$ cat data11.cif   # mmCIF, C-alpha atoms and all ligand atoms
data_upload
loop_
_atom_site.group_PDB
_atom_site.id
_atom_site.type_symbol
_atom_site.label_atom_id
_atom_site.label_comp_id
_atom_site.auth_asym_id
_atom_site.auth_seq_id
_atom_site.Cartn_x
_atom_site.Cartn_y
_atom_site.Cartn_z
ATOM 1 C CA MET A 1 -2.366 0.054 -15.812
ATOM 2 C CA PRO A 2 0.416 -1.772 -17.741
ATOM 3 C CA ILE A 3 3.929 -1.449 -16.322
ATOM 4 C CA GLN A 4 6.246 0.786 -18.304
ATOM 5 C CA GLU A 5 9.516 -1.076 -17.880
ATOM 6 C CA ALA A 6 12.625 0.752 -16.743
ATOM 7 C CA ASP A 7 16.131 -0.306 -17.822
ATOM 8 C CA TYR A 8 17.405 -2.174 -14.768
ATOM 9 C CA ILE A 9 16.193 -4.257 -11.862
ATOM 10 C CA TRP A 10 18.224 -4.703 -8.702
ATOM 11 C CA LYS A 11 18.490 -8.452 -8.142
ATOM 12 C CA ASN A 12 20.510 -10.055 -5.355
ATOM 13 C CA GLY A 13 22.912 -7.149 -5.121
ATOM 14 C CA GLU A 14 23.383 -6.297 -8.816
ATOM 15 C CA MET A 15 21.671 -4.038 -11.321
ATOM 16 C CA ILE A 16 20.699 -6.239 -14.266
ATOM 17 C CA PRO A 17 18.682 -5.548 -17.427
ATOM 18 C CA TRP A 18 14.937 -5.776 -16.726
ATOM 19 C CA ALA A 19 14.445 -8.704 -19.163
ATOM 20 C CA GLU A 20 17.133 -10.767 -17.425
ATOM 21 C CA ALA A 21 15.491 -10.572 -13.997
ATOM 22 C CA THR A 22 13.678 -13.878 -14.401
ATOM 23 C CA THR A 23 12.677 -16.643 -12.042
ATOM 24 C CA HIS A 24 11.919 -20.379 -12.380
ATOM 25 C CA VAL A 25 8.302 -21.380 -13.093
ATOM 26 C CA LEU A 26 8.376 -23.702 -10.073
ATOM 27 C CA THR A 27 9.599 -21.009 -7.730
ATOM 28 C CA HIS A 28 8.199 -21.399 -4.195
ATOM 29 C CA ALA A 29 6.707 -17.940 -4.257
ATOM 30 C CA LEU A 30 4.518 -18.916 -7.242
ATOM 31 C CA LEU A 31 3.437 -22.240 -5.766
ATOM 32 C CA TYR A 32 2.918 -21.284 -2.141
ATOM 33 C CA GLY A 33 2.716 -17.493 -2.047
ATOM 34 C CA THR A 34 5.969 -17.268 -0.070
ATOM 35 C CA CYS A 35 6.823 -13.729 -1.066
ATOM 36 C CA ALA A 36 7.107 -10.722 1.219
ATOM 37 C CA PHE A 37 6.806 -7.515 -0.725
ATOM 38 C CA GLU A 38 6.555 -3.767 -0.545
ATOM 39 C CA GLY A 39 5.170 -1.038 -2.692
ATOM 40 C CA SER A 40 6.700 2.383 -2.124
ATOM 41 C CA ARG A 41 6.905 5.531 -4.200
ATOM 42 C CA ALA A 42 9.496 8.001 -5.346
ATOM 43 C CA TYR A 43 8.270 11.570 -5.832
ATOM 44 C CA GLU A 44 9.859 14.472 -7.653
ATOM 45 C CA THR A 45 10.429 17.498 -5.415
ATOM 46 C CA ASN A 46 12.044 20.920 -5.992
ATOM 47 C CA ASP A 47 15.014 19.474 -4.200
ATOM 48 C CA GLY A 48 15.423 16.281 -6.251
ATOM 49 C CA THR A 49 13.772 12.874 -6.142
ATOM 50 C CA VAL A 50 12.802 11.320 -2.803
ATOM 51 C CA VAL A 51 11.494 7.942 -1.696
ATOM 52 C CA PHE A 52 8.588 8.445 0.696
ATOM 53 C CA ARG A 53 9.246 6.686 4.020
ATOM 54 C CA ASN A 54 11.842 4.335 2.534
ATOM 55 C CA ASP A 55 12.916 3.156 6.004
ATOM 56 C CA ALA A 56 9.365 2.317 7.132
ATOM 57 C CA HIS A 57 8.739 0.245 3.998
ATOM 58 C CA VAL A 58 12.005 -1.648 4.401
ATOM 59 C CA GLU A 59 11.267 -2.278 8.079
ATOM 60 C CA ARG A 60 7.814 -3.704 7.224
ATOM 61 C CA LEU A 61 9.373 -5.872 4.505
ATOM 62 C CA PHE A 62 11.810 -7.415 6.973
ATOM 63 C CA TYR A 63 8.956 -8.047 9.419
ATOM 64 C CA SER A 64 6.857 -9.707 6.665
ATOM 65 C CA ALA A 65 9.789 -11.871 5.527
ATOM 66 C CA ARG A 66 10.492 -13.004 9.077
ATOM 67 C CA MET A 67 6.881 -14.168 9.501
ATOM 68 C CA TYR A 68 7.220 -16.474 6.457
ATOM 69 C CA GLY A 69 10.745 -17.690 7.171
ATOM 70 C CA ILE A 70 12.114 -15.927 4.086
ATOM 71 C CA GLY A 71 15.796 -15.292 4.692
ATOM 72 C CA ILE A 72 17.274 -11.935 3.653
ATOM 73 C CA LYS A 73 21.037 -11.725 3.176
ATOM 74 C CA TYR A 74 21.112 -7.937 3.429
ATOM 75 C CA THR A 75 20.706 -5.412 6.207
ATOM 76 C CA GLU A 76 17.857 -2.922 6.259
ATOM 77 C CA ASP A 77 20.338 -0.130 5.477
ATOM 78 C CA GLU A 78 21.626 -2.012 2.436
ATOM 79 C CA ILE A 79 18.080 -2.376 1.099
ATOM 80 C CA ILE A 80 17.304 1.295 1.775
ATOM 81 C CA GLU A 81 20.358 2.217 -0.311
ATOM 82 C CA ALA A 82 19.534 -0.401 -2.983
ATOM 83 C CA THR A 83 16.072 1.174 -3.320
ATOM 84 C CA ARG A 84 17.588 4.635 -3.867
ATOM 85 C CA ARG A 85 20.047 3.144 -6.359
ATOM 86 C CA THR A 86 17.278 1.452 -8.363
ATOM 87 C CA VAL A 87 15.464 4.768 -8.811
ATOM 88 C CA ARG A 88 18.674 6.718 -9.434
ATOM 89 C CA GLU A 89 20.309 4.362 -11.950
ATOM 90 C CA ASN A 90 17.099 4.134 -13.973
ATOM 91 C CA GLY A 91 17.073 7.925 -14.202
ATOM 92 C CA LEU A 92 13.547 8.094 -12.753
ATOM 93 C CA LYS A 93 12.263 11.363 -11.314
ATOM 94 C CA SER A 94 9.183 9.702 -9.858
ATOM 95 C CA ALA A 95 8.315 6.014 -9.682
ATOM 96 C CA TYR A 96 6.398 3.200 -8.079
ATOM 97 C CA ILE A 97 8.820 0.802 -6.421
ATOM 98 C CA ARG A 98 8.177 -2.883 -5.942
ATOM 99 C CA THR A 99 10.503 -4.678 -3.533
ATOM 100 C CA ASN A 100 10.147 -8.466 -3.297
ATOM 101 C CA ALA A 101 11.886 -10.981 -1.040
ATOM 102 C CA TYR A 102 10.789 -14.482 -1.980
ATOM 103 C CA LEU A 103 11.609 -18.145 -1.879
ATOM 104 C CA GLY A 104 12.957 -19.432 -5.188
ATOM 105 C CA TYR A 105 13.171 -22.872 -6.785
ATOM 106 C CA GLY A 106 13.798 -25.691 -4.334
ATOM 107 C CA GLU A 107 12.431 -28.906 -2.837
ATOM 108 C CA MET A 108 8.661 -29.427 -3.381
ATOM 109 C CA SER A 109 7.140 -28.680 -0.005
ATOM 110 C CA PRO A 110 5.683 -25.492 1.417
ATOM 111 C CA ALA A 111 7.948 -25.962 4.432
ATOM 112 C CA ALA A 112 11.114 -26.744 2.417
ATOM 113 C CA ALA A 113 14.199 -25.490 4.178
ATOM 114 C CA ASN A 114 16.416 -25.433 1.097
ATOM 115 C CA ALA A 115 14.570 -22.969 -1.151
ATOM 116 C CA PRO A 116 16.992 -20.157 -1.942
ATOM 117 C CA ASP A 117 15.833 -16.650 -1.208
ATOM 118 C CA ASP A 118 15.822 -14.027 -3.923
ATOM 119 C CA PHE A 119 15.556 -10.283 -3.585
ATOM 120 C CA VAL A 120 14.485 -7.931 -6.340
ATOM 121 C CA ILE A 121 13.742 -4.218 -6.526
ATOM 122 C CA ALA A 122 12.002 -2.776 -9.581
ATOM 123 C CA ALA A 123 11.093 0.879 -10.097
ATOM 124 C CA PHE A 124 8.968 2.186 -12.922
ATOM 125 C CA PRO A 125 6.968 5.253 -13.915
ATOM 126 C CA TRP A 126 3.372 5.128 -12.700
ATOM 127 C CA GLY A 127 0.413 7.426 -12.480
ATOM 128 C CA ARG A 128 -2.811 7.390 -10.502
ATOM 129 C CA TYR A 129 -3.765 3.915 -9.325
ATOM 130 C CA MET A 130 -7.515 4.470 -9.121
ATOM 131 C CA GLY A 131 -7.836 6.460 -12.367
ATOM 132 C CA ALA A 132 -6.449 9.712 -13.774
ATOM 133 C CA ASP A 133 -8.906 12.034 -11.999
ATOM 134 C CA ALA A 134 -9.621 9.886 -8.913
ATOM 135 C CA ILE A 135 -7.718 12.149 -6.521
ATOM 136 C CA GLU A 136 -9.838 15.154 -7.562
ATOM 137 C CA LYS A 137 -13.201 13.570 -8.311
ATOM 138 C CA GLY A 138 -13.246 10.511 -6.061
ATOM 139 C CA VAL A 139 -14.324 6.958 -6.795
ATOM 140 C CA ASP A 140 -17.450 4.847 -6.367
ATOM 141 C CA VAL A 141 -17.177 1.737 -4.202
ATOM 142 C CA ALA A 142 -19.260 -1.130 -2.870
ATOM 143 C CA VAL A 143 -19.092 -3.268 0.255
ATOM 144 C CA SER A 144 -17.733 -6.675 -0.671
ATOM 145 C CA SER A 145 -19.399 -9.968 0.154
ATOM 146 C CA TRP A 146 -15.879 -11.283 0.887
ATOM 147 C CA ARG A 147 -14.659 -10.897 4.467
ATOM 148 C CA ARG A 148 -11.063 -10.048 5.360
ATOM 149 C CA LEU A 149 -8.989 -12.623 7.230
ATOM 150 C CA ALA A 150 -9.823 -13.633 10.775
ATOM 151 C CA GLY A 151 -7.289 -13.310 13.594
ATOM 152 C CA SER A 152 -4.472 -15.880 13.733
ATOM 153 C CA THR A 153 -4.835 -16.851 10.077
ATOM 154 C CA ILE A 154 -2.149 -14.798 8.322
ATOM 155 C CA PRO A 155 -0.021 -12.441 10.448
ATOM 156 C CA ALA A 156 -1.413 -8.974 11.038
ATOM 157 C CA GLY A 157 0.559 -6.173 9.506
ATOM 158 C CA ALA A 158 2.596 -8.329 7.167
ATOM 159 C CA LYS A 159 2.512 -7.699 3.429
ATOM 160 C CA LEU A 160 2.669 -11.203 2.035
ATOM 161 C CA ALA A 161 1.711 -12.447 -1.422
ATOM 162 C CA GLY A 162 -0.781 -15.006 -0.065
ATOM 163 C CA ASN A 163 -2.883 -12.295 1.624
ATOM 164 C CA TYR A 164 -3.611 -10.788 -1.765
ATOM 165 C CA LEU A 165 -5.996 -13.590 -2.761
ATOM 166 C CA SER A 166 -8.467 -11.764 -0.523
ATOM 167 C CA SER A 167 -7.693 -8.449 -2.274
ATOM 168 C CA ARG A 168 -8.191 -10.050 -5.670
ATOM 169 C CA LEU A 169 -11.587 -11.484 -4.758
ATOM 170 C CA ILE A 170 -12.705 -8.088 -3.454
ATOM 171 C CA ALA A 171 -11.375 -6.285 -6.545
ATOM 172 C CA MET A 172 -12.941 -8.745 -9.012
ATOM 173 C CA GLU A 173 -16.325 -8.443 -7.341
ATOM 174 C CA ALA A 174 -16.053 -4.633 -7.381
ATOM 175 C CA ARG A 175 -15.269 -4.673 -11.097
ATOM 176 C CA ARG A 176 -18.241 -6.907 -11.832
ATOM 177 C CA ALA A 177 -20.413 -4.417 -9.934
ATOM 178 C CA GLY A 178 -19.013 -1.580 -12.080
ATOM 179 C CA VAL A 179 -17.260 0.261 -9.229
ATOM 180 C CA THR A 180 -13.582 1.057 -8.655
ATOM 181 C CA GLU A 181 -12.942 -0.743 -5.347
ATOM 182 C CA GLY A 182 -14.575 -2.934 -2.734
ATOM 183 C CA ILE A 183 -14.594 -2.425 1.021
ATOM 184 C CA GLY A 184 -14.025 -5.656 2.930
ATOM 185 C CA LEU A 185 -15.650 -6.233 6.296
ATOM 186 C CA SER A 186 -13.805 -8.085 9.017
ATOM 187 C CA HIS A 187 -14.983 -11.618 9.739
ATOM 188 C CA GLU A 188 -17.147 -10.098 12.517
ATOM 189 C CA GLY A 189 -18.826 -7.792 9.965
ATOM 190 C CA LEU A 190 -17.051 -4.582 11.053
ATOM 191 C CA LEU A 191 -15.380 -2.110 8.697
ATOM 192 C CA SER A 192 -11.835 -3.119 7.836
ATOM 193 C CA GLU A 193 -10.209 -1.867 4.597
ATOM 194 C CA ALA A 194 -10.415 -1.990 0.824
ATOM 195 C CA GLY A 195 -8.762 -4.653 -1.294
ATOM 196 C CA SER A 196 -5.773 -2.367 -1.780
ATOM 197 C CA ALA A 197 -6.007 0.565 0.631
ATOM 198 C CA ASN A 198 -6.932 1.633 4.160
ATOM 199 C CA LEU A 199 -10.209 3.359 4.926
ATOM 200 C CA PHE A 200 -10.952 6.666 6.684
ATOM 201 C CA LEU A 201 -14.307 8.296 7.510
ATOM 202 C CA VAL A 202 -15.042 11.821 8.668
ATOM 203 C CA LYS A 203 -17.992 12.347 11.013
ATOM 204 C CA GLY A 204 -18.738 15.551 12.906
ATOM 205 C CA GLY A 205 -15.260 16.952 12.185
ATOM 206 C CA LYS A 206 -13.484 13.846 13.548
ATOM 207 C CA LEU A 207 -11.312 11.575 11.451
ATOM 208 C CA MET A 208 -12.112 7.917 12.080
ATOM 209 C CA THR A 209 -10.413 4.722 10.958
ATOM 210 C CA PRO A 210 -10.633 1.053 11.990
ATOM 211 C CA PRO A 211 -7.921 0.072 14.489
ATOM 212 C CA PHE A 212 -5.087 -2.332 13.673
ATOM 213 C CA SER A 213 -6.303 -5.873 13.627
ATOM 214 C CA SER A 214 -5.458 -9.003 11.725
ATOM 215 C CA SER A 215 -7.884 -7.969 8.991
ATOM 216 C CA ILE A 216 -6.074 -4.797 7.930
ATOM 217 C CA LEU A 217 -2.651 -3.991 6.620
ATOM 218 C CA HIS A 218 -0.782 -1.548 8.834
ATOM 219 C CA GLY A 219 -0.569 1.049 6.114
ATOM 220 C CA ILE A 220 2.355 3.448 6.073
ATOM 221 C CA THR A 221 0.207 6.073 4.334
ATOM 222 C CA ARG A 222 -2.470 5.479 7.001
ATOM 223 C CA ALA A 223 0.066 6.169 9.751
ATOM 224 C CA SER A 224 1.333 9.260 7.893
ATOM 225 C CA ILE A 225 -2.202 10.645 7.455
ATOM 226 C CA ILE A 226 -2.902 10.187 11.172
ATOM 227 C CA THR A 227 0.275 12.145 11.960
ATOM 228 C CA LEU A 228 -0.560 14.898 9.441
ATOM 229 C CA ALA A 229 -4.158 15.149 10.730
ATOM 230 C CA LYS A 230 -3.005 15.548 14.332
ATOM 231 C CA ASP A 231 -0.508 18.153 13.168
ATOM 232 C CA LEU A 232 -3.410 20.075 11.593
ATOM 233 C CA GLY A 233 -5.334 19.866 14.894
ATOM 234 C CA ILE A 234 -7.876 17.314 13.590
ATOM 235 C CA GLU A 235 -9.102 14.813 16.183
ATOM 236 C CA VAL A 236 -8.311 11.232 15.116
ATOM 237 C CA VAL A 237 -10.216 8.239 16.493
ATOM 238 C CA GLU A 238 -9.160 4.654 15.831
ATOM 239 C CA GLN A 239 -12.174 2.506 16.624
ATOM 240 C CA GLU A 240 -14.242 -0.475 15.523
ATOM 241 C CA MET A 241 -17.132 0.649 13.320
ATOM 242 C CA PRO A 242 -20.207 -1.166 12.025
ATOM 243 C CA ARG A 243 -20.979 -1.118 8.303
ATOM 244 C CA GLU A 244 -23.788 1.415 8.830
ATOM 245 C CA MET A 245 -21.185 4.086 9.601
ATOM 246 C CA LEU A 246 -20.405 4.156 5.883
ATOM 247 C CA TYR A 247 -23.796 5.536 4.973
ATOM 248 C CA GLY A 248 -23.802 8.359 7.527
ATOM 249 C CA ALA A 249 -20.236 9.608 7.002
ATOM 250 C CA ASP A 250 -19.663 13.234 5.968
ATOM 251 C CA GLU A 251 -16.520 12.373 4.007
ATOM 252 C CA MET A 252 -14.675 9.185 3.253
ATOM 253 C CA PHE A 253 -11.377 8.312 1.573
ATOM 254 C CA PHE A 254 -8.827 5.582 0.956
ATOM 255 C CA THR A 255 -5.130 5.819 1.737
ATOM 256 C CA GLY A 256 -2.244 3.789 0.386
ATOM 257 C CA THR A 257 0.998 4.075 -1.497
ATOM 258 C CA ALA A 258 -0.920 3.352 -4.699
ATOM 259 C CA ALA A 259 -4.196 5.105 -3.788
ATOM 260 C CA GLU A 260 -2.416 8.063 -2.106
ATOM 261 C CA ILE A 261 -5.506 9.902 -0.755
ATOM 262 C CA THR A 262 -8.472 8.989 -2.932
ATOM 263 C CA PRO A 263 -11.874 10.388 -1.915
ATOM 264 C CA ILE A 264 -14.910 8.103 -1.996
ATOM 265 C CA ARG A 265 -17.858 9.628 -3.817
ATOM 266 C CA GLN A 266 -20.508 6.901 -3.471
ATOM 267 C CA VAL A 267 -20.759 3.713 -1.489
ATOM 268 C CA ASP A 268 -23.297 1.060 -2.549
ATOM 269 C CA GLY A 269 -24.906 3.691 -4.769
ATOM 270 C CA ILE A 270 -25.381 6.138 -1.853
ATOM 271 C CA GLU A 271 -23.656 9.554 -2.062
ATOM 272 C CA VAL A 272 -21.085 10.190 0.665
ATOM 273 C CA GLY A 273 -22.165 13.188 2.782
ATOM 274 C CA LYS A 274 -23.206 16.304 0.889
ATOM 275 C CA GLY A 275 -20.227 16.306 -1.442
ATOM 276 C CA GLU A 276 -18.269 18.662 0.867
ATOM 277 C CA ARG A 277 -14.697 17.476 1.489
ATOM 278 C CA SER A 278 -12.943 20.021 3.663
ATOM 279 C CA ILE A 279 -10.991 17.519 5.807
ATOM 280 C CA THR A 280 -10.096 15.272 2.873
ATOM 281 C CA SER A 281 -8.876 18.321 0.923
ATOM 282 C CA ALA A 282 -6.844 19.630 3.876
ATOM 283 C CA LEU A 283 -5.144 16.244 4.217
ATOM 284 C CA GLN A 284 -4.496 15.981 0.471
ATOM 285 C CA LYS A 285 -2.949 19.452 0.577
ATOM 286 C CA ALA A 286 -0.757 18.507 3.538
ATOM 287 C CA PHE A 287 0.291 15.173 1.991
ATOM 288 C CA PHE A 288 1.066 16.372 -1.545
ATOM 289 C CA GLY A 289 2.569 19.512 0.005
ATOM 290 C CA LEU A 290 5.408 17.322 1.305
ATOM 291 C CA PHE A 291 6.495 16.926 -2.313
ATOM 292 C CA ASP A 292 5.816 20.425 -3.653
ATOM 293 C CA GLY A 293 7.509 21.975 -0.625
ATOM 294 C CA THR A 294 4.425 23.585 0.947
ATOM 295 C CA THR A 295 4.390 21.132 3.891
ATOM 296 C CA GLU A 296 7.501 21.014 6.027
ATOM 297 C CA ASP A 297 8.888 17.474 6.390
ATOM 298 C CA LYS A 298 9.129 17.610 10.182
ATOM 299 C CA TRP A 299 9.367 13.859 10.446
ATOM 300 C CA GLY A 300 12.244 13.087 8.059
ATOM 301 C CA TRP A 301 9.968 11.089 5.734
ATOM 302 C CA LEU A 302 11.598 12.186 2.471
ATOM 303 C CA ASP A 303 14.618 10.069 1.618
ATOM 304 C CA ARG A 304 16.774 11.621 -1.120
ATOM 305 C CA VAL A 305 17.860 9.226 -3.845
HETATM 306 N N1 LIG B 1 -4.179 -2.300 2.538
HETATM 307 C C1 LIG B 1 -3.802 -3.117 1.537
HETATM 308 C C2 LIG B 1 -4.473 -4.440 1.397
HETATM 309 C C3 LIG B 1 -2.769 -2.724 0.662
HETATM 310 O O1 LIG B 1 -2.383 -3.525 -0.335
HETATM 311 C C4 LIG B 1 -2.165 -1.465 0.836
HETATM 312 C C5 LIG B 1 -1.104 -1.012 -0.076
HETATM 313 O O2 LIG B 1 0.009 -1.277 0.054
HETATM 314 C C6 LIG B 1 -2.575 -0.656 1.904
HETATM 315 C C7 LIG B 1 -3.589 -1.095 2.730
HETATM 316 C C8 LIG B 1 -1.916 0.666 2.168
HETATM 317 O O3 LIG B 1 -0.659 0.470 2.742
HETATM 318 P P1 LIG B 1 0.526 1.519 2.502
HETATM 319 O O4 LIG B 1 -0.019 2.844 2.886
HETATM 320 O O5 LIG B 1 1.607 1.053 3.397
HETATM 321 O O6 LIG B 1 0.865 1.428 1.062
#
$ encode --input "data11.cif" --output "structure tokens"
Amino acid sequence: MPIQEADYIWKNGEMIPWAEATTHVLTHALLYGTCAFEGSRAYETNDGTVVFRNDAHVERLFYSARMYGIGIKYTEDEIIEATRRTVRENGLKSAYIRTNAYLGYGEMSPAAANAPDDFVIAAFPWGRYMGADAIEKGVDVAVSSWRRLAGSTIPAGAKLAGNYLSSRLIAMEARRAGVTEGIGLSHEGLLSEAGSANLFLVKGGKLMTPPFSSSILHGITRASIITLAKDLGIEVVEQEMPREMLYGADEMFFTGTAAEITPIRQVDGIEVGKGERSITSALQKAFFGLFDGTTEDKWGWLDRV
């Protein structure tokens, strides 16, 4: 989906016109993938616009940046406020928000100490990541031949540009196969996550998801869904699962800031369950209810802009 540009981007402490937020072609982030980034969302509610879990996204960004030695001149609170400001000053009621901390143009070496760090926040209108009716109808997926990263390769839980080469390979293969997304297996052949979202299965009324490991991103939506499920009295199990679990699941869905809660209709050409989605629907209702006011925000996840 092409980006519909907003008026301003927050760059290094100032709001500047979108077109002026440029970077050098030899920037470190382009050459070596030294960019820590976040994707968060602003939603319109009856009570104004909110950023969903702004603090959790900023905290993960600082963790990711630390792992790559990307300096950040701001505090977490300053970035939380800068995120609100970017949405507010662009007059956006809802938005996707991209927050990037990256190494700029400096000495030619991946380990260069003198590359300046840059920080940008862009917010723009955005719809459904996996297609206009994906949330209602679900998507078809395939298991990828590409494995996710092994332990001690790239830090677990960090959202770093370099990791997304794996996501791109999975996504390109899925497209060639004519499906919306690919599910990556861990290097041991166990279920891990999609190229761009975390994975949940429902079996016998239980909600199951692979545990945190180096091969999955510690999704903020994933954590929120686990909390909402427990709140609804649904048993949640985080456990290693072989690939075969995919074909016997009753329900299956992806979670992510972009994917929100997207049901999976078919995997490798095999229908998921019998088409009944009571747990997926209950979780969608609880999640989207946070924004239409039908789910109480007991956890302080909605950050007013
Ligand atoms: N896994 C990958 C590879 C992702 O890119 C994303 C999206 O950001 C997720 C999982 C979901 O994470 P979150 O819910 O924090 O957006």
$ residues_near_ligand --input "data11.cif" --ligand "ligand LIG 1 (chain B)" --cutoff "10 Å" --atoms "only C-alpha atoms and all ligand atoms" --output "PyMOL selection string"
chain A and resi 37-41+53+56-57+60+148+157-161+163-164+166-168+184+192-199+215-225+254-261
$ atom_distance --input "data11.cif" --atom1 "CA of Gly273 in chain A" --atom2 "CA of Met208 in chain A"
14.7 Å
$ atom_distance --input "data11.cif" --atom1 "CA of Met245 in chain A" --atom2 "CA of His187 in chain A"
16.9 Å
$ axis_aligned_box --input "data11.cif" --around "range 190-198 of chain A" --padding-each-side "4 Å" --output "lines of an AutoDock Vina configuration file"
center_x = -11.4
center_y = -1.5
center_z = 4.6
size_x = 19.3
size_y = 14.3
size_z = 20.8
$ closest_atom_pairs --input "data11.cif" --of "range 49-163 of chain A" --to "range 24-34 of chain A" --cutoff "6 Å" --atoms "all atoms listed in the file" --output "Markdown table"
| residue | atom | partner | partner_atom | distance |
| --- | --- | --- | --- | --- |
| A:Tyr102 | CA | A:Ala29 | CA | 5.8 |
| A:Leu103 | CA | A:His28 | CA | 5.3 |
| A:Gly104 | CA | A:Thr27 | CA | 4.5 |
| A:Tyr105 | CA | A:Thr27 | CA | 4.1 |
| A:Ala161 | CA | A:Gly33 | CA | 5.2 |
| A:Gly162 | CA | A:Gly33 | CA | 4.7 |
$ write_last_selection --input "data11.cif" --atoms "C-alpha atoms" --output "PDB file, in the frame of the given file"
ATOM      1  CA  TYR A 102      10.789 -14.482  -1.980  1.00  0.00           C
ATOM      2  CA  LEU A 103      11.609 -18.145  -1.879  1.00  0.00           C
ATOM      3  CA  GLY A 104      12.957 -19.432  -5.188  1.00  0.00           C
ATOM      4  CA  TYR A 105      13.171 -22.872  -6.785  1.00  0.00           C
ATOM      5  CA  ALA A 161       1.711 -12.447  -1.422  1.00  0.00           C
ATOM      6  CA  GLY A 162      -0.781 -15.006  -0.065  1.00  0.00           C
TER       7      GLY A 162
END
$ residues_around --input "data11.cif" --residues "Gly233 in chain A" --least-positions-apart "2" --cutoff "12 Å" --atoms "all atoms listed in the file" --output "number ranges by chain"
A: 205-207, 226-231, 235-236, 279, 282-283
$ atom_distance --input "data11.cif" --atom1 "CA of Arg128 in chain A" --atom2 "CA of Thr45 in chain A"
17.4 Å
$ residues_around --input "data11.cif" --residues "Tyr74 in chain A" --least-positions-apart "5" --cutoff "12 Å" --atoms "all atoms listed in the file" --output "PyMOL selection string"
chain A and resi 11-13+58+61-62+79-82+101+117-120
$ write_last_selection --input "data11.cif" --atoms "C-alpha atoms" --output "mmCIF file, in the frame of the given file"
data_model
loop_
_atom_site.group_PDB
_atom_site.id
_atom_site.type_symbol
_atom_site.label_atom_id
_atom_site.label_comp_id
_atom_site.auth_asym_id
_atom_site.auth_seq_id
_atom_site.Cartn_x
_atom_site.Cartn_y
_atom_site.Cartn_z
ATOM 1 C CA LYS A 11 18.490 -8.452 -8.142
ATOM 2 C CA ASN A 12 20.510 -10.055 -5.355
ATOM 3 C CA GLY A 13 22.912 -7.149 -5.121
ATOM 4 C CA VAL A 58 12.005 -1.648 4.401
ATOM 5 C CA LEU A 61 9.373 -5.872 4.505
ATOM 6 C CA PHE A 62 11.810 -7.415 6.973
ATOM 7 C CA ILE A 79 18.080 -2.376 1.099
ATOM 8 C CA ILE A 80 17.304 1.295 1.775
ATOM 9 C CA GLU A 81 20.358 2.217 -0.311
ATOM 10 C CA ALA A 82 19.534 -0.401 -2.983
ATOM 11 C CA ALA A 101 11.886 -10.981 -1.040
ATOM 12 C CA ASP A 117 15.833 -16.650 -1.208
ATOM 13 C CA ASP A 118 15.822 -14.027 -3.923
ATOM 14 C CA PHE A 119 15.556 -10.283 -3.585
ATOM 15 C CA VAL A 120 14.485 -7.931 -6.340
#
$ residues_around --input "data11.cif" --residues "Leu190 in chain A" --least-positions-apart "2" --cutoff "6 Å" --atoms "all atoms listed in the file" --output "JSON, numbers by chain"
{"A": [185, 186, 188, 241, 242, 243]}
$ residues_around --input "data11.cif" --residues "Phe253 in chain A" --least-positions-apart "4" --cutoff "6 Å" --atoms "all atoms listed in the file" --output "PyMOL selection string"
chain A and resi 200+262-264
$ residues_around --input "data11.cif" --residues "Glu181 in chain A" --least-positions-apart "5" --cutoff "8 Å" --atoms "only C-alpha atoms" --output "VMD selection string"
chain A and resid 139 to 142 170 to 171 174 to 175 194 to 195
$ write_last_selection --input "data11.cif" --atoms "C-alpha atoms" --output "PDB file, in the frame of the given file"
ATOM      1  CA  VAL A 139     -14.324   6.958  -6.795  1.00  0.00           C
ATOM      2  CA  ASP A 140     -17.450   4.847  -6.367  1.00  0.00           C
ATOM      3  CA  VAL A 141     -17.177   1.737  -4.202  1.00  0.00           C
ATOM      4  CA  ALA A 142     -19.260  -1.130  -2.870  1.00  0.00           C
ATOM      5  CA  ILE A 170     -12.705  -8.088  -3.454  1.00  0.00           C
ATOM      6  CA  ALA A 171     -11.375  -6.285  -6.545  1.00  0.00           C
ATOM      7  CA  ALA A 174     -16.053  -4.633  -7.381  1.00  0.00           C
ATOM      8  CA  ARG A 175     -15.269  -4.673 -11.097  1.00  0.00           C
ATOM      9  CA  ALA A 194     -10.415  -1.990   0.824  1.00  0.00           C
ATOM     10  CA  GLY A 195      -8.762  -4.653  -1.294  1.00  0.00           C
TER      11      GLY A 195
END
$ closest_residue --input "data11.cif" --among "A:Ala111, A:Ile121, A:Leu290, A:Val179" --to "Val267 in chain A" --atoms "all atoms listed in the file"
A:Val179
$ closest_residue --input "data11.cif" --among "A:Ser64, A:Asn46, A:Thr180, A:Gln4" --to "Tyr96 in chain A" --atoms "all atoms listed in the file"
A:Gln4
$ resolve_selection --input "data11.cif" --expression "the PyMOL selection byres (((chain A and resi 85) around 12) and not hetatm)" --output "PyMOL selection string"
chain A and resi 8-11+13-15+42+49-51+78-84+86-92+97+121-123+303-305
$ closest_residue --input "data11.cif" --among "A:Lys274, A:Met172, A:Ser152, A:Leu246" --to "Ser213 in chain A" --atoms "only C-alpha atoms"
A:Ser152
